[in-house]
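Shown here: input_38.pdb, PDB, C-alpha atoms.
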ATOM      1  CA  MET A   1      83.599 114.313 102.984  1.00  0.00           C
ATOM      2  CA  SER A   2      80.015 114.609 101.862  1.00  0.00           C
ATOM      3  CA  LYS A   3      79.059 115.392  98.320  1.00  0.00           C
ATOM      4  CA  LYS A   4      77.735 118.958  98.194  1.00  0.00           C
ATOM      5  CA  MET A   5      77.154 119.400  94.499  1.00  0.00           C
ATOM      6  CA  THR A   6      73.500 119.565  93.529  1.00  0.00           C
ATOM      7  CA  LEU A   7      72.788 116.628  91.257  1.00  0.00           C
ATOM      8  CA  PHE A   8      69.966 117.973  89.144  1.00  0.00           C
ATOM      9  CA  GLY A   9      69.966 118.515  85.374  1.00  0.00           C
ATOM     10  CA  GLY A  10      73.202 120.179  84.249  1.00  0.00           C
ATOM     11  CA  GLY A  11      74.504 119.887  87.799  1.00  0.00           C
ATOM     12  CA  LEU A  12      74.562 116.103  87.446  1.00  0.00           C
ATOM     13  CA  ALA A  13      76.545 116.351  84.224  1.00  0.00           C
ATOM     14  CA  ALA A  14      78.971 118.789  85.846  1.00  0.00           C
ATOM     15  CA  ALA A  15      79.427 116.486  88.806  1.00  0.00           C
ATOM     16  CA  LEU A  16      80.112 113.500  86.561  1.00  0.00           C
ATOM     17  CA  VAL A  17      82.602 115.468  84.465  1.00  0.00           C
ATOM     18  CA  THR A  18      84.371 116.648  87.622  1.00  0.00           C
ATOM     19  CA  THR A  19      84.578 113.139  89.046  1.00  0.00           C
ATOM     20  CA  LEU A  20      85.837 111.744  85.716  1.00  0.00           C
ATOM     21  CA  THR A  21      88.446 114.493  85.357  1.00  0.00           C
ATOM     22  CA  LEU A  22      89.742 113.937  88.864  1.00  0.00           C
ATOM     23  CA  ALA A  23      89.804 110.185  88.304  1.00  0.00           C
ATOM     24  CA  LEU A  24      91.832 110.595  85.138  1.00  0.00           C
ATOM     25  CA  SER A  25      94.331 112.767  87.010  1.00  0.00           C
ATOM     26  CA  GLY A  26      94.744 110.108  89.662  1.00  0.00           C
ATOM     27  CA  CYS A  27      92.052 111.434  91.975  1.00  0.00           C
ATOM     28  CA  SER A  28      88.503 110.165  92.469  1.00  0.00           C
ATOM     29  CA  MET A  29      87.772 112.615  95.275  1.00  0.00           C
ATOM     30  CA  GLU A  30      84.485 114.428  95.636  1.00  0.00           C
ATOM     31  CA  THR A  31      84.529 118.187  95.234  1.00  0.00           C
ATOM     32  CA  THR A  32      82.506 121.096  96.548  1.00  0.00           C
ATOM     33  CA  ALA A  33      81.454 123.961  94.276  1.00  0.00           C
ATOM     34  CA  PRO A  34      81.785 127.500  95.683  1.00  0.00           C
ATOM     35  CA  GLY A  35      78.076 128.094  95.061  1.00  0.00           C
ATOM     36  CA  SER A  36      77.199 124.958  97.015  1.00  0.00           C
ATOM     37  CA  ALA A  37      79.432 126.093  99.876  1.00  0.00           C
ATOM     38  CA  ARG A  38      77.568 129.413  99.984  1.00  0.00           C
ATOM     39  CA  GLN A  39      74.203 127.703  99.876  1.00  0.00           C
ATOM     40  CA  ASP A  40      75.117 125.314 102.684  1.00  0.00           C
ATOM     41  CA  ALA A  41      76.698 127.968 104.914  1.00  0.00           C
ATOM     42  CA  ALA A  42      75.337 128.194 108.427  1.00  0.00           C
ATOM     43  CA  SER A  43      73.351 131.276 109.389  1.00  0.00           C
ATOM     44  CA  ASP A  44      76.231 132.443 111.579  1.00  0.00           C
ATOM     45  CA  ALA A  45      78.991 131.744 109.005  1.00  0.00           C
ATOM     46  CA  LYS A  46      81.927 134.153 109.265  1.00  0.00           C
ATOM     47  CA  GLY A  47      83.157 134.305 105.673  1.00  0.00           C
ATOM     48  CA  SER A  48      84.109 137.818 104.532  1.00  0.00           C
ATOM     49  CA  PHE A  49      82.546 139.386 101.459  1.00  0.00           C
ATOM     50  CA  GLY A  50      84.673 141.308  98.971  1.00  0.00           C
ATOM     51  CA  ARG A  51      83.423 143.902  96.524  1.00  0.00           C
ATOM     52  CA  ALA A  52      80.226 141.927  96.039  1.00  0.00           C
ATOM     53  CA  ASP A  53      77.939 139.379  97.613  1.00  0.00           C
ATOM     54  CA  CYS A  54      78.424 136.451  95.250  1.00  0.00           C
ATOM     55  CA  ARG A  55      75.031 135.041  96.202  1.00  0.00           C
ATOM     56  CA  LYS A  56      73.659 137.873  94.076  1.00  0.00           C
ATOM     57  CA  ALA A  57      76.513 139.067  91.849  1.00  0.00           C
ATOM     58  CA  LYS A  58      78.121 137.382  88.858  1.00  0.00           C
ATOM     59  CA  CYS A  59      81.468 136.599  90.488  1.00  0.00           C
ATOM     60  CA  ILE A  60      84.650 134.995  89.230  1.00  0.00           C
ATOM     61  CA  ALA A  61      88.000 134.376  90.932  1.00  0.00           C
ATOM     62  CA  LEU A  62      91.306 135.172  89.245  1.00  0.00           C
ATOM     63  CA  THR A  63      94.159 132.962  90.499  1.00  0.00           C
ATOM     64  CA  PHE A  64      97.870 132.761  89.711  1.00  0.00           C
ATOM     65  CA  ASP A  65     100.149 129.769  90.288  1.00  0.00           C
ATOM     66  CA  ALA A  66     103.864 129.161  90.695  1.00  0.00           C
ATOM     67  CA  GLY A  67     105.108 132.654  91.508  1.00  0.00           C
ATOM     68  CA  PRO A  68     106.117 135.093  92.592  1.00  0.00           C
ATOM     69  CA  GLY A  69     108.448 135.793  89.683  1.00  0.00           C
ATOM     70  CA  LYS A  70     110.087 138.728  87.994  1.00  0.00           C
ATOM     71  CA  ASP A  71     106.843 139.787  86.277  1.00  0.00           C
ATOM     72  CA  THR A  72     104.680 139.639  89.426  1.00  0.00           C
ATOM     73  CA  PRO A  73     105.286 143.313  90.389  1.00  0.00           C
ATOM     74  CA  GLU A  74     104.003 144.364  86.950  1.00  0.00           C
ATOM     75  CA  LEU A  75     100.965 142.139  87.476  1.00  0.00           C
ATOM     76  CA  LEU A  76     100.339 143.731  90.862  1.00  0.00           C
ATOM     77  CA  ASP A  77     100.499 147.166  89.228  1.00  0.00           C
ATOM     78  CA  ILE A  78      97.811 146.068  86.760  1.00  0.00           C
ATOM     79  CA  LEU A  79      95.570 144.625  89.478  1.00  0.00           C
ATOM     80  CA  LYS A  80      95.952 147.771  91.560  1.00  0.00           C
ATOM     81  CA  GLU A  81      95.015 149.973  88.602  1.00  0.00           C
ATOM     82  CA  LYS A  82      91.995 147.776  87.796  1.00  0.00           C
ATOM     83  CA  LYS A  83      90.992 147.536  91.481  1.00  0.00           C
ATOM     84  CA  VAL A  84      90.934 143.736  91.278  1.00  0.00           C
ATOM     85  CA  HIS A  85      91.943 141.311  94.013  1.00  0.00           C
ATOM     86  CA  ALA A  86      93.310 137.896  93.073  1.00  0.00           C
ATOM     87  CA  THR A  87      94.509 134.714  94.774  1.00  0.00           C
ATOM     88  CA  PHE A  88      98.195 133.810  94.495  1.00  0.00           C
ATOM     89  CA  PHE A  89      99.270 130.179  94.978  1.00  0.00           C
ATOM     90  CA  LEU A  90     102.968 130.601  95.722  1.00  0.00           C
ATOM     91  CA  LEU A  91     105.878 128.200  95.403  1.00  0.00           C
ATOM     92  CA  GLY A  92     108.224 128.176  98.357  1.00  0.00           C
ATOM     93  CA  LYS A  93     111.844 127.288  97.682  1.00  0.00           C
ATOM     94  CA  HIS A  94     112.751 129.295  94.582  1.00  0.00           C
ATOM     95  CA  HIS A  95     109.991 131.905  94.741  1.00  0.00           C
ATOM     96  CA  VAL A  96     108.837 132.925  98.231  1.00  0.00           C
ATOM     97  CA  LEU A  97     112.442 132.785  99.463  1.00  0.00           C
ATOM     98  CA  LYS A  98     113.710 134.695  96.424  1.00  0.00           C
ATOM     99  CA  HIS A  99     111.023 137.406  96.322  1.00  0.00           C
ATOM    100  CA  PRO A 100     109.936 138.138  99.915  1.00  0.00           C
ATOM    101  CA  GLU A 101     109.169 141.793  99.178  1.00  0.00           C
ATOM    102  CA  THR A 102     106.771 140.755  96.415  1.00  0.00           C
ATOM    103  CA  VAL A 103     105.076 138.274  98.735  1.00  0.00           C
ATOM    104  CA  ARG A 104     104.658 141.032 101.312  1.00  0.00           C
ATOM    105  CA  ARG A 105     103.231 143.340  98.653  1.00  0.00           C
ATOM    106  CA  ILE A 106     100.721 140.700  97.547  1.00  0.00           C
ATOM    107  CA  GLN A 107      99.467 140.498 101.120  1.00  0.00           C
ATOM    108  CA  ASP A 108      99.521 144.260 101.741  1.00  0.00           C
ATOM    109  CA  GLU A 109      97.505 145.027  98.604  1.00  0.00           C
ATOM    110  CA  GLY A 110      94.605 142.808  99.643  1.00  0.00           C
ATOM    111  CA  HIS A 111      95.212 139.666  97.629  1.00  0.00           C
ATOM    112  CA  GLU A 112      94.875 136.158  99.050  1.00  0.00           C
ATOM    113  CA  VAL A 113      98.248 134.503  99.668  1.00  0.00           C
ATOM    114  CA  ALA A 114      98.049 130.729  99.237  1.00  0.00           C
ATOM    115  CA  ASN A 115     100.274 127.630  99.113  1.00  0.00           C
ATOM    116  CA  HIS A 116     101.408 125.809  95.945  1.00  0.00           C
ATOM    117  CA  THR A 117     103.971 123.560  97.686  1.00  0.00           C
ATOM    118  CA  TRP A 118     107.703 123.949  98.240  1.00  0.00           C
ATOM    119  CA  THR A 119     109.126 122.504  95.000  1.00  0.00           C
ATOM    120  CA  HIS A 120     106.047 121.638  92.892  1.00  0.00           C
ATOM    121  CA  LYS A 121     106.226 117.899  93.526  1.00  0.00           C
ATOM    122  CA  ILE A 122     103.208 115.864  92.449  1.00  0.00           C
ATOM    123  CA  LEU A 123     101.825 115.190  95.898  1.00  0.00           C
ATOM    124  CA  THR A 124      99.992 111.990  95.016  1.00  0.00           C
ATOM    125  CA  ASP A 125     103.350 110.431  94.073  1.00  0.00           C
ATOM    126  CA  GLU A 126     104.874 111.174  97.474  1.00  0.00           C
ATOM    127  CA  GLU A 127     104.887 109.525 100.877  1.00  0.00           C
ATOM    128  CA  PRO A 128     103.050 111.299 103.737  1.00  0.00           C
ATOM    129  CA  ASP A 129     106.195 112.818 105.268  1.00  0.00           C
ATOM    130  CA  ALA A 130     107.205 114.311 101.920  1.00  0.00           C
ATOM    131  CA  ILE A 131     103.700 115.687 101.293  1.00  0.00           C
ATOM    132  CA  ARG A 132     103.686 117.279 104.720  1.00  0.00           C
ATOM    133  CA  ALA A 133     107.122 118.823 104.130  1.00  0.00           C
ATOM    134  CA  GLU A 134     106.101 120.243 100.725  1.00  0.00           C
ATOM    135  CA  LEU A 135     103.163 122.035 102.308  1.00  0.00           C
ATOM    136  CA  GLU A 136     104.523 122.858 105.739  1.00  0.00           C
ATOM    137  CA  LYS A 137     107.782 124.436 104.545  1.00  0.00           C
ATOM    138  CA  THR A 138     105.805 126.821 102.366  1.00  0.00           C
ATOM    139  CA  GLN A 139     103.425 127.615 105.216  1.00  0.00           C
ATOM    140  CA  VAL A 140     106.368 128.543 107.430  1.00  0.00           C
ATOM    141  CA  ALA A 141     108.138 130.582 104.738  1.00  0.00           C
ATOM    142  CA  ILE A 142     105.019 132.611 103.931  1.00  0.00           C
ATOM    143  CA  GLU A 143     104.216 133.181 107.598  1.00  0.00           C
ATOM    144  CA  LYS A 144     107.722 134.554 108.173  1.00  0.00           C
ATOM    145  CA  VAL A 145     107.111 137.156 105.470  1.00  0.00           C
ATOM    146  CA  THR A 146     103.447 138.032 106.008  1.00  0.00           C
ATOM    147  CA  GLY A 147     102.837 137.068 109.629  1.00  0.00           C
ATOM    148  CA  LYS A 148     100.026 134.786 108.535  1.00  0.00           C
ATOM    149  CA  LYS A 149      99.808 131.162 107.396  1.00  0.00           C
ATOM    150  CA  PRO A 150      97.856 130.482 104.189  1.00  0.00           C
ATOM    151  CA  ARG A 151      94.459 128.802 104.443  1.00  0.00           C
ATOM    152  CA  LEU A 152      94.333 127.609 100.833  1.00  0.00           C
ATOM    153  CA  MET A 153      96.541 125.358  98.744  1.00  0.00           C
ATOM    154  CA  ARG A 154      96.534 124.176  95.160  1.00  0.00           C
ATOM    155  CA  PRO A 155      98.046 120.753  94.501  1.00  0.00           C
ATOM    156  CA  PRO A 156     100.398 120.747  91.488  1.00  0.00           C
ATOM    157  CA  GLN A 157      98.540 119.604  88.354  1.00  0.00           C
ATOM    158  CA  GLY A 158      95.399 119.460  90.505  1.00  0.00           C
ATOM    159  CA  ARG A 159      96.373 115.970  91.650  1.00  0.00           C
ATOM    160  CA  THR A 160      95.059 115.038  95.069  1.00  0.00           C
ATOM    161  CA  ASP A 161      93.793 112.002  96.969  1.00  0.00           C
ATOM    162  CA  ASP A 162      92.744 110.927 100.459  1.00  0.00           C
ATOM    163  CA  LYS A 163      96.316 111.052 101.689  1.00  0.00           C
ATOM    164  CA  VAL A 164      96.844 114.631 100.451  1.00  0.00           C
ATOM    165  CA  SER A 165      93.440 115.707 101.747  1.00  0.00           C
ATOM    166  CA  GLY A 166      94.139 114.311 105.205  1.00  0.00           C
ATOM    167  CA  ILE A 167      97.453 116.132 105.517  1.00  0.00           C
ATOM    168  CA  SER A 168      95.924 119.324 104.135  1.00  0.00           C
ATOM    169  CA  LYS A 169      93.244 119.113 106.795  1.00  0.00           C
ATOM    170  CA  GLU A 170      95.874 118.669 109.518  1.00  0.00           C
ATOM    171  CA  LEU A 171      97.657 121.799 108.291  1.00  0.00           C
ATOM    172  CA  GLY A 172      94.459 123.866 108.043  1.00  0.00           C
ATOM    173  CA  LEU A 173      94.532 124.014 104.251  1.00  0.00           C
ATOM    174  CA  SER A 174      91.590 123.859 101.852  1.00  0.00           C
ATOM    175  CA  GLN A 175      92.325 122.620  98.326  1.00  0.00           C
ATOM    176  CA  VAL A 176      91.379 124.773  95.342  1.00  0.00           C
ATOM    177  CA  LEU A 177      91.097 123.534  91.753  1.00  0.00           C
ATOM    178  CA  TRP A 178      89.814 125.538  88.780  1.00  0.00           C
ATOM    179  CA  SER A 179      87.286 125.763  85.962  1.00  0.00           C
ATOM    180  CA  ALA A 180      89.144 127.851  83.354  1.00  0.00           C
ATOM    181  CA  THR A 181      92.733 127.545  82.199  1.00  0.00           C
ATOM    182  CA  ALA A 182      94.631 129.122  79.323  1.00  0.00           C
ATOM    183  CA  LYS A 183      97.362 126.463  79.352  1.00  0.00           C
ATOM    184  CA  ASP A 184      99.687 129.473  79.360  1.00  0.00           C
ATOM    185  CA  TYR A 185     102.644 127.179  79.988  1.00  0.00           C
ATOM    186  CA  SER A 186     102.312 126.126  76.333  1.00  0.00           C
ATOM    187  CA  THR A 187     102.039 129.516  74.605  1.00  0.00           C
ATOM    188  CA  ASN A 188     103.361 133.077  74.826  1.00  0.00           C
ATOM    189  CA  ASP A 189     100.493 134.387  72.671  1.00  0.00           C
ATOM    190  CA  SER A 190      98.733 136.852  74.974  1.00  0.00           C
ATOM    191  CA  ALA A 191      95.751 137.208  72.649  1.00  0.00           C
ATOM    192  CA  LEU A 192      95.242 133.444  72.657  1.00  0.00           C
ATOM    193  CA  ILE A 193      95.561 133.328  76.460  1.00  0.00           C
ATOM    194  CA  THR A 194      92.904 136.035  76.730  1.00  0.00           C
ATOM    195  CA  LYS A 195      90.565 134.251  74.312  1.00  0.00           C
ATOM    196  CA  ARG A 196      90.875 130.914  76.094  1.00  0.00           C
ATOM    197  CA  ILE A 197      89.987 132.424  79.458  1.00  0.00           C
ATOM    198  CA  VAL A 198      87.135 134.553  78.149  1.00  0.00           C
ATOM    199  CA  ASP A 199      85.670 131.553  76.307  1.00  0.00           C
ATOM    200  CA  GLN A 200      85.755 129.427  79.487  1.00  0.00           C
ATOM    201  CA  ALA A 201      84.533 132.076  81.931  1.00  0.00           C
ATOM    202  CA  SER A 202      81.439 131.274  83.976  1.00  0.00           C
ATOM    203  CA  LYS A 203      79.651 132.514  87.062  1.00  0.00           C
ATOM    204  CA  ASP A 204      81.398 131.246  90.205  1.00  0.00           C
ATOM    205  CA  GLY A 205      84.338 130.179  88.044  1.00  0.00           C
ATOM    206  CA  ILE A 206      87.964 129.986  89.104  1.00  0.00           C
ATOM    207  CA  ILE A 207      90.542 131.081  86.521  1.00  0.00           C
ATOM    208  CA  LEU A 208      93.992 129.461  86.542  1.00  0.00           C
ATOM    209  CA  LEU A 209      96.934 131.450  85.153  1.00  0.00           C
ATOM    210  CA  HIS A 210     100.682 131.525  85.862  1.00  0.00           C
ATOM    211  CA  ASP A 211     102.482 134.816  86.483  1.00  0.00           C
ATOM    212  CA  ILE A 212     105.826 133.236  85.564  1.00  0.00           C
ATOM    213  CA  TYR A 213     105.241 132.849  81.821  1.00  0.00           C
ATOM    214  CA  LYS A 214     106.017 135.521  79.245  1.00  0.00           C
ATOM    215  CA  GLY A 215     102.594 135.844  77.648  1.00  0.00           C
ATOM    216  CA  THR A 216     100.431 135.792  80.767  1.00  0.00           C
ATOM    217  CA  VAL A 217     100.815 139.168  82.482  1.00  0.00           C
ATOM    218  CA  PRO A 218     100.243 141.114  79.221  1.00  0.00           C
ATOM    219  CA  ALA A 219      96.983 139.162  78.787  1.00  0.00           C
ATOM    220  CA  VAL A 220      95.557 140.135  82.170  1.00  0.00           C
ATOM    221  CA  PRO A 221      94.245 143.660  81.317  1.00  0.00           C
ATOM    222  CA  GLY A 222      92.251 142.291  78.378  1.00  0.00           C
ATOM    223  CA  ILE A 223      90.850 139.441  80.472  1.00  0.00           C
ATOM    224  CA  ILE A 224      89.730 141.818  83.209  1.00  0.00           C
ATOM    225  CA  ASP A 225      88.271 144.431  80.854  1.00  0.00           C
ATOM    226  CA  THR A 226      86.374 141.897  78.729  1.00  0.00           C
ATOM    227  CA  LEU A 227      84.889 140.012  81.673  1.00  0.00           C
ATOM    228  CA  GLN A 228      83.956 143.167  83.539  1.00  0.00           C
ATOM    229  CA  LYS A 229      82.098 144.384  80.453  1.00  0.00           C
ATOM    230  CA  ASP A 230      80.248 141.061  80.534  1.00  0.00           C
ATOM    231  CA  GLY A 231      79.097 141.785  84.073  1.00  0.00           C
ATOM    232  CA  TYR A 232      81.657 139.840  86.112  1.00  0.00           C
ATOM    233  CA  THR A 233      82.995 140.982  89.472  1.00  0.00           C
ATOM    234  CA  PHE A 234      86.443 139.703  90.411  1.00  0.00           C
ATOM    235  CA  VAL A 235      86.874 138.323  93.924  1.00  0.00           C
ATOM    236  CA  THR A 236      89.336 136.158  95.829  1.00  0.00           C
ATOM    237  CA  VAL A 237      88.583 132.463  96.291  1.00  0.00           C
ATOM    238  CA  PRO A 238      87.405 132.865  99.921  1.00  0.00           C
ATOM    239  CA  GLU A 239      85.207 135.794  98.878  1.00  0.00           C
ATOM    240  CA  LEU A 240      83.711 133.609  96.133  1.00  0.00           C
ATOM    241  CA  MET A 241      82.306 131.210  98.730  1.00  0.00           C
ATOM    242  CA  ALA A 242      81.330 133.770 101.400  1.00  0.00           C
ATOM    243  CA  PRO A 243      79.577 133.688 103.788  1.00  0.00           C
ATOM    244  CA  ALA A 244      80.953 130.134 103.943  1.00  0.00           C
ATOM    245  CA  VAL A 245      84.500 129.756 105.237  1.00  0.00           C
ATOM    246  CA  PRO A 246      86.934 127.402 103.445  1.00  0.00           C
ATOM    247  CA  GLU A 247      87.052 124.063 105.229  1.00  0.00           C
ATOM    248  CA  PRO A 248      90.493 122.446 105.669  1.00  0.00           C
ATOM    249  CA  GLY A 249      90.933 119.331 103.565  1.00  0.00           C
ATOM    250  CA  THR A 250      87.914 120.037 101.356  1.00  0.00           C
ATOM    251  CA  ILE A 251      88.490 120.178  97.592  1.00  0.00           C
ATOM    252  CA  TYR A 252      86.803 123.192  95.994  1.00  0.00           C
ATOM    253  CA  ARG A 253      86.084 123.216  92.292  1.00  0.00           C
ATOM    254  CA  PRO A 254      83.373 125.038  90.298  1.00  0.00           C
TER     255      PRO A 254
END

What does the file become when written as structure tokens?
Amino acid sequence: MSKKMTLFGGGLAAALVTTLTLALSGCSMETTAPGSARQDAASDAKGSFGRADCRKAKCIALTFDAGPGKDTPELLDILKEKKVHATFFLLGKHHVLKHPETVRRIQDEGHEVANHTWTHKILTDEEPDAIRAELEKTQVAIEKVTGKKPRLMRPPQGRTDDKVSGISKELGLSQVLWSATAKDYSTNDSALITKRIVDQASKDGIILLHDIYKGTVPAVPGIIDTLQKDGYTFVTVPELMAPAVPEPGTIYRP
């Protein structure tokens, strides 16, 4: 995989921070920024635009991990009211299988349905057959509900390596990390969750939240309203990199 981040000025610092962060999490893989993917897209690239062309607009992607859960329908109501599309990285065994109607609704309402493994195993700790099973079982389960296999996956804890990337590529899955997190697994304080995300927001950013924790869904209206007032347009992850199309195996991170 070739390095696609532009190594000039602040870009160099960002690249070094990204590489260091991935190394500390057990991964020294190179990453591709959504803006770089757009810039490098071929003239005949087929990526679909959302509500905005992110080459011109101030875009940000809202993503949710580890659902669907009991609060996901309420979240979908909020997103529908706000006219915002998000990307949902779904767990298979205890979530997709338990809430198929919610999975179908996520798809039907224009959100991106993505893979977050079958049981949330740390993929870098597993053998190839186990990695493949974690991803493939979820692909099959989601396809049975929506009629479509996901094209994106998020490795638990963001931990990936050559082995995970190779299997992801085989399965047609791009890997998606993030630039903003509220660490909502550690707090139910919705105001704090909102503040953390707003403080970390940036153009072409990817927000990581979890729709399974008590404080997260109530924080979403404030996050959307505040960032929209600051000029942001919310898009799905594939829309963030359009006209580029996500490449299987590639690790995307702002």

Q. Residues around (98.7, 119.2, 91.4), cut-off 9 Å, counting only C-alpha atoms - what are they as a list in words?
A. Ser25, His116, His120, Lys121, Ile122, Leu123, Thr124, Arg154, Pro155, Pro156, Gln157, Gly158, Arg159, Thr160 and Leu177 of chain A

Q) Selected by the PyMOL selection byres ((chain A and resi 77) around 12) in the shown coordinates: which residues, as a ChimeraX atom specification? A) /A:71-76,78-85,102,105-106,109,217-218,220-221

Q: For Lys98 (chain A), please output as a ChimeraX atom specification all residues within 9 Å (counting all atoms listed in the file; exclusion window: fewer than 6 positions along the same chain).
A: /A:68-69,92

(Q) I'd like to know which of A:Ile223, A:Val96, A:Val145, A:Ala61 is closest to Pro238 (chain A), using all atoms listed in the file. (A) A:Ala61

Q.
As a check of understanding, name the residues that the PyMOL selection byres ((chain A and resi 148) around 12) selects in the supplied structure, as an NGL selection string.
A. :A and (103-104 or 107-108 or 112-115 or 138-147 or 149-152)

Q.
Translate the PyMOL selection byres ((chain A and resi 67) around 7) into a concrete residue list for this structure, as number ranges by chain.
A. A: 65-66, 68-69, 90-91, 95, 211-212

Q | Gap from CA of Met29 (chain A) to CA of Thr119 (chain A) - Å, one decimal | A |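 Value for the CA of Met29 (chain A)-CA of Thr119 (chain A) distance: 23.5 Å.
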
Q | Selection near Val164 (chain A), 10 Å with all atoms listed in the file, sequence-local residues under 3 positions removed, as a list of chain:residue names | A | A:Leu123, A:Thr124, A:Glu126, A:Glu127, A:Pro128, A:Ile131, A:Arg132, A:Leu135, A:Pro155, A:Arg159, A:Thr160, A:Asp161, A:Ile167, A:Ser168, A:Lys169, A:Glu170, A:Gln175, A:Gly249

Q.
Report, in Å to a single decimal, how far apart CA of Ala33 (chain A) and CA of Ala244 (chain A) are.
A.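 Calculated distance between CA of Ala244 (chain A) and CA of Ala33 (chain A) is 11.5 Å.
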
Padded axis-aligned box of region 233-251 of chain A (3 Å per side), centre and edge lengths, Å, one decimal, as lines of an AutoDock Vina configuration file:
center_x = 85.3
center_y = 130.2
center_z = 97.6
size_x = 17.4
size_y = 27.7
size_z = 22.2

Q) Rounded to one decimal in Å, what is the spacing between CA of Glu136 (chain A) and CA of Trp118 (chain A)? A) 8.2 Å

Q: Excluding Ala182 (chain A) and any residue of its chain fewer than 6 positions from it, enumerate the residues within 8 Å of it, using all atoms listed in the file, and give them as an MDAnalysis selection string.
A: chainID A and resid 192:194 196:197 208:209

I'd like the contact shell of Tyr213 (chain A) - 8 Å cut-off, all atoms listed in the file, skipping same-chain residues fewer than 4 positions apart - returned as a PDB file with C-alpha atoms, keeping the file's coordinate frame.
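The resulting selection.pdb:
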ATOM      1  CA  ASP A 184      99.687 129.473  79.360  1.00  0.00           C
ATOM      2  CA  TYR A 185     102.644 127.179  79.988  1.00  0.00           C
ATOM      3  CA  ASN A 188     103.361 133.077  74.826  1.00  0.00           C
ATOM      4  CA  VAL A 217     100.815 139.168  82.482  1.00  0.00           C
TER       5      VAL A 217
END

Q: Please provide the set of residues having any atom within 12 Å of Lys229 (chain A), restricted to all atoms listed in the file, with same-chain residues fewer than 5 positions apart removed, written as a list in words.
A: Lys58, Val198, Gly222, Ile223, Ile224 and Phe234 of chain A

Q.
Just checking: using only C-alpha atoms, which residue out of A:Val176, A:Val237, A:Leu97, A:Ala133 ends up closest to Asp204 (chain A)?
A. A:Val237
